[in-house]
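K.L.:
Structure incoming, see below.
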There are 2 protein chains.
Amino acid sequence: MTDLSPTPRTRITRLRERGRTEREELLAFLSEGLVAHVAVNAGDHPVALPVAYGVDPDGPDEGGTLYVHGSVGAGWMREAPGSTVCVTVTSVDGLVLARSGFNHSMNYRCAVVIGTARQVESEEERARALDLVVDQIVPGRAATMRPHTRKELAATSVLAVPLREASLKVRAHGVGDEPEDVATGTWAGVLPLRTVAGELEPDPATPGPVPEDVARRAAQLRGDPGQ
Amino acid sequence: MTDLSPTPRTRITRLRERGRTEREELLAFLSEGLVAHVAVNAGDHPVALPVAYGVDPDGPDEGGTLYVHGSVGAGWMREAPGSTVCVTVTSVDGLVLARSGFNHSMNYRCAVVIGTARQVESEEERARALDLVVDQIVPGRAATMRPHTRKELAATSVLAVPLREASLKVRAHGVGDEPEDVATGTWAGVLPLRTVAGELEPDPATPGPVPEDVARRAAQLRGDPGQ
């Protein structure tokens, strides 16, 4: 048990050496992600769907708040409030190409948050949550947008999940082969992976100058030096 | 209802124009993915975890078979057999940077498979499934590996999920803004994203020549022309 995983539900039981215990590391990883998979019970079976998300480390829920949003018409959004959901954010960082099929693996970072989903009722908190979701995509962008309209807020469901119960698991090393496989001289190694941006595709209707926040984000995701 | 989504469980109810109905397109997308999120019921709540996977379009299950594997010690692997699970594969293909927070979106492809998980008992099918998982990471690589040992097969649980009930949802277009927001002249556009490989990191113990299958996969994931 750690501060990060105060209950057995998010305690790492296998490959514990991969578990991280610092809340700051969880928040740093979550701040980098683009998509979460949220798992909810849909009647007699679970469903996992990709969603955009935002994080407020000082949000109103215990441990801080993770927000996901969706249409008020989405079925899983109606099932989730008041039930326990699981929000998982994964980054695949490399292919671990071992000397046996069994020892093939991936380098990855994976955050799992388990908690009771709260439907965000207040229009103010909902607007703030949507801003966090936009800023997750392009930091600083929400402040440059016009305010959300009443109609937009009414069409959007927002769920808040407390960050209290979470885990962060990381594999970030080379191959782990058996000595007898290494002795054969067979090649093995790691192929690092990352998500990168291509060239911006401006909407032809308004080809004007690219906003600074977008240019900065594009450069960062292209991996340009200095970003 | 389509051949791809024969039941309401995987029928797309929102933004139906994003739904694809061709099984070939589902298989093509699944053949590209590196990681799936598998959602299982863990007692009173769902859990979604990232896993490597493999696909056998001609596998023994209805519609073909999707395999995921894990340690026999993993809790979710013990919960899953006989229960309905959801396997989701997502690719984030771009950030859709609109003129309002509300219209921000992502380009993505997302396959959802829902079905009863079957524990693979036969050693032969388990070995074949593990080969498919390795070939998903680097096509052709399984055939270059030594055979799995009895001990390795005994330490590995494999779940088979029928591909019968599935959906494939795709967003692959530009911004969808309100005319009044376009009229303001505000910039908008799409930032395409993809997963790319960096430089191979050979294990220092065996720096010999890189196997052809690995070199080909690395070039493909670097986006080299001709791959």
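Chains: A, B, ... in order of the structure tokens. Residues: from 1 per chain. Ligands: from 1, in order shown.
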Got a sec: who's within 7 Å of Glu201 of chain A, counting only C-alpha atoms, leaving out chain neighbours fewer than 2 positions off, as an NGL selection string?
P.N.:
(:A and (199 or 203)) or (:B and (189-191))
K.L.:
Given only C-alpha atoms as the basis, pick out the residue of B:Gly43, B:Pro211, B:Gly63, B:Pro192 nearest to Thr144 of chain B.
P.N.:
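Nearest to Thr144 of chain B: B:Pro211.
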K.L.:
Go through B:Ala74, B:Ala219, B:Val138, B:Leu132 and flag the residue nearest Leu15 of chain A, using only C-alpha atoms for the distances.
P.N.:
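Under the stated criterion, the closest residue is B:Ala74.
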K.L.:
For Gly70 of chain B, work out the shell of residues within 10 Å, counting only C-alpha atoms and skipping chain neighbours fewer than 3 positions away, then give it as a list of chain:residue names.
P.N.:
B:Val51, B:Ala52, B:Tyr53, B:Gly73, B:Ala74, B:Gly75, B:Trp76, B:Met77, B:Arg78, B:Ala155, B:Thr156, B:Ser157, B:Val158, B:Leu159
K.L.:
Output the selection as a CSV table (one decimal), in the first residue's frame - all heavy atoms for each residue.
P.N.:
```csv
chain,number,residue,atom,x,y,z
B,51,VAL,N,-2.8,-4.8,-23.1
B,51,VAL,CA,-2.2,-6.1,-23.4
B,51,VAL,C,-1.8,-6.2,-24.9
B,51,VAL,O,-2.3,-5.5,-25.7
B,51,VAL,CB,-3.3,-7.2,-23.2
B,51,VAL,CG1,-3.6,-7.5,-21.7
B,51,VAL,CG2,-4.6,-7.0,-24.0
B,52,ALA,N,-0.8,-7.0,-25.1
B,52,ALA,CA,-0.4,-7.4,-26.4
B,52,ALA,C,-1.5,-8.3,-26.9
B,52,ALA,O,-2.1,-9.0,-26.1
B,52,ALA,CB,1.0,-8.0,-26.5
B,53,TYR,N,-1.7,-8.4,-28.2
B,53,TYR,CA,-2.7,-9.3,-28.8
B,53,TYR,C,-2.3,-9.8,-30.1
B,53,TYR,O,-1.3,-9.4,-30.7
B,53,TYR,CB,-4.0,-8.6,-28.8
B,53,TYR,CG,-4.1,-7.5,-29.9
B,53,TYR,CD1,-4.7,-7.8,-31.2
B,53,TYR,CD2,-3.6,-6.2,-29.7
B,53,TYR,CE1,-4.7,-6.8,-32.2
B,53,TYR,CE2,-3.7,-5.3,-30.7
B,53,TYR,CZ,-4.2,-5.6,-31.9
B,53,TYR,OH,-4.3,-4.6,-32.9
B,73,GLY,N,-0.5,-15.7,-13.2
B,73,GLY,CA,-0.6,-15.1,-11.9
B,73,GLY,C,-1.5,-13.8,-11.9
B,73,GLY,O,-1.8,-13.2,-10.8
B,74,ALA,N,-1.8,-13.3,-13.1
B,74,ALA,CA,-2.6,-12.0,-13.2
B,74,ALA,C,-4.0,-12.2,-12.7
B,74,ALA,O,-4.7,-13.1,-13.2
B,74,ALA,CB,-2.5,-11.5,-14.6
B,75,GLY,N,-4.5,-11.4,-11.9
B,75,GLY,CA,-5.8,-11.5,-11.3
B,75,GLY,C,-6.9,-11.4,-12.4
B,75,GLY,O,-7.8,-12.2,-12.4
B,76,TRP,N,-6.8,-10.5,-13.3
B,76,TRP,CA,-7.8,-10.3,-14.3
B,76,TRP,C,-7.9,-11.5,-15.3
B,76,TRP,O,-9.0,-11.8,-15.8
B,76,TRP,CB,-7.6,-9.0,-15.1
B,76,TRP,CG,-6.4,-9.0,-16.0
B,76,TRP,CD1,-5.1,-8.7,-15.6
B,76,TRP,CD2,-6.3,-9.5,-17.4
B,76,TRP,NE1,-4.3,-8.8,-16.7
B,76,TRP,CE2,-4.9,-9.3,-17.8
B,76,TRP,CE3,-7.2,-10.0,-18.3
B,76,TRP,CZ2,-4.5,-9.6,-19.1
B,76,TRP,CZ3,-6.7,-10.3,-19.6
B,76,TRP,CH2,-5.4,-10.1,-19.9
B,77,MET,N,-6.8,-12.2,-15.4
B,77,MET,CA,-6.7,-13.4,-16.2
B,77,MET,C,-7.5,-14.6,-15.6
B,77,MET,O,-8.0,-15.4,-16.3
B,77,MET,CB,-5.3,-13.9,-16.4
B,77,MET,CG,-4.7,-13.3,-17.6
B,77,MET,SD,-5.3,-14.1,-19.1
B,77,MET,CE,-4.5,-13.2,-20.4
B,78,ARG,N,-7.6,-14.5,-14.3
B,78,ARG,CA,-8.4,-15.5,-13.6
B,78,ARG,C,-9.9,-15.2,-13.6
B,78,ARG,O,-10.8,-16.1,-13.6
B,78,ARG,CB,-7.9,-15.7,-12.1
B,78,ARG,CG,-6.6,-16.4,-12.0
B,78,ARG,CD,-6.3,-16.8,-10.6
B,78,ARG,NE,-6.3,-15.6,-9.7
B,78,ARG,CZ,-5.2,-15.0,-9.3
B,78,ARG,NH1,-4.0,-15.4,-9.8
B,78,ARG,NH2,-5.2,-14.0,-8.5
B,155,ALA,N,3.3,-21.2,-17.9
B,155,ALA,CA,3.3,-19.9,-17.1
B,155,ALA,C,2.4,-18.9,-17.8
B,155,ALA,O,2.2,-17.8,-17.3
B,155,ALA,CB,4.7,-19.4,-17.0
B,156,THR,N,1.9,-19.2,-19.0
B,156,THR,CA,1.1,-18.3,-19.8
B,156,THR,C,-0.3,-18.6,-19.9
B,156,THR,O,-0.6,-19.8,-20.3
B,156,THR,CB,1.8,-18.2,-21.2
B,156,THR,OG1,3.2,-18.0,-21.1
B,156,THR,CG2,1.1,-17.0,-22.0
B,157,SER,N,-1.2,-17.7,-19.6
B,157,SER,CA,-2.6,-17.9,-19.8
B,157,SER,C,-2.9,-17.2,-21.1
B,157,SER,O,-2.5,-16.1,-21.4
B,157,SER,CB,-3.4,-17.2,-18.7
B,157,SER,OG,-3.8,-18.1,-17.7
B,158,VAL,N,-3.8,-17.8,-21.9
B,158,VAL,CA,-4.2,-17.2,-23.2
B,158,VAL,C,-5.7,-17.2,-23.2
B,158,VAL,O,-6.4,-18.2,-22.9
B,158,VAL,CB,-3.6,-18.0,-24.4
B,158,VAL,CG1,-4.2,-17.4,-25.7
B,158,VAL,CG2,-2.1,-18.0,-24.4
B,159,LEU,N,-6.3,-16.1,-23.5
B,159,LEU,CA,-7.7,-16.0,-23.7
B,159,LEU,C,-8.0,-15.8,-25.2
B,159,LEU,O,-7.4,-15.0,-25.9
B,159,LEU,CB,-8.3,-14.8,-22.9
B,159,LEU,CG,-8.2,-14.8,-21.4
B,159,LEU,CD1,-8.7,-13.5,-20.9
B,159,LEU,CD2,-8.9,-15.9,-20.8
```
K.L.:
Rank B:Leu27, B:Ser167, B:Val161, B:Ile137 by their smallest atom-to-atom distance to Met106 of chain A, using only C-alpha atoms, and report the top residue only.
P.N.:
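For Met106 of chain A, the nearest of the given residues is B:Ile137.
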K.L.:
Any idea what's packed within 12 Å of Glu124 of chain A, counting only C-alpha atoms, ignoring anything in its chain fewer than 4 positions away? Could you give it as a list in words?
P.N.:
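Answer for this query is Val120, Arg128, Ala129, Leu130, Asp131, Pro147, His148, Thr149, Arg150, Leu153, Ala154 and Val158 of chain A.
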K.L.:
What does the structure give for the distance between atom CA of Ser100 of chain A and atom CA of Thr186 of chain A, in Å to one decimal?
P.N.:
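Computing it gives 9.5 Å between the two atoms.
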K.L.:
Which one is closest to chain B: A:Ile12, A:Ala197, A:Val96, A:Ala166? Count only C-alpha atoms.
P.N.:
A:Ala197
K.L.:
Give me, as a list in words, the residues of segment 107-173 of chain A that a backbone DSSP run labels alpha helix (DSSP H).
P.N.:
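The alpha helix (DSSP H) residues within segment 107-173 of chain A come out as Glu123, Glu124, Glu125, Arg126, Ala127, Arg128, Ala129, Leu130, Asp131, Leu132, Val133, Val134, Asp135, Gln136, Ile137, Arg150, Lys151, Glu152, Leu153 and Ala154 of chain A.
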K.L.:
Can you pull out every residue within 10 Å of Gly19 of chain B, counting only C-alpha atoms, but drop anything in the same chain fewer than 3 positions away, and send it as a list in words?
P.N.:
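Answer for this query is Arg11, Ile12, Thr13, Arg14, Leu15, Arg16, Glu22, Arg109, Cys110, Ala111, Ser167, Leu168, Lys169, Val170 and Arg171 of chain B.
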K.L.:
List every residue of segment 147-221 of chain B that DSSP, applied to the backbone, labels as strand (DSSP E or B), and write the result as a list in words.
P.N.:
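In segment 147-221 of chain B, DSSP puts these residues in strand (DSSP E or B): Thr156, Ser157, Val158, Leu159, Ala160, Val161, Pro162, Ala166, Ser167, Leu168, Lys169, Val170, Arg171, Gly189, Val190, Leu191, Pro192, Leu193, Arg194, Thr195, Val196, Ala197, Glu201 and Pro202 of chain B.
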K.L.:
Can you measure atom CA of Ala172 of chain B to atom CA of Ser91 of chain B for me? One decimal in Å is fine.
P.N.:
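That distance, rounded to one decimal, is 11.3 Å.
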K.L.:
Would you list the contacts of Thr90 of chain B as a VMD selection string, taking every protein, DNA or RNA residue within 9 Å and counting only C-alpha atoms, but skipping same-chain residues closer than 5 positions in sequence?
P.N.:
(chain A and resid 49 to 50) or (chain B and resid 33 35 to 37 108 to 112)
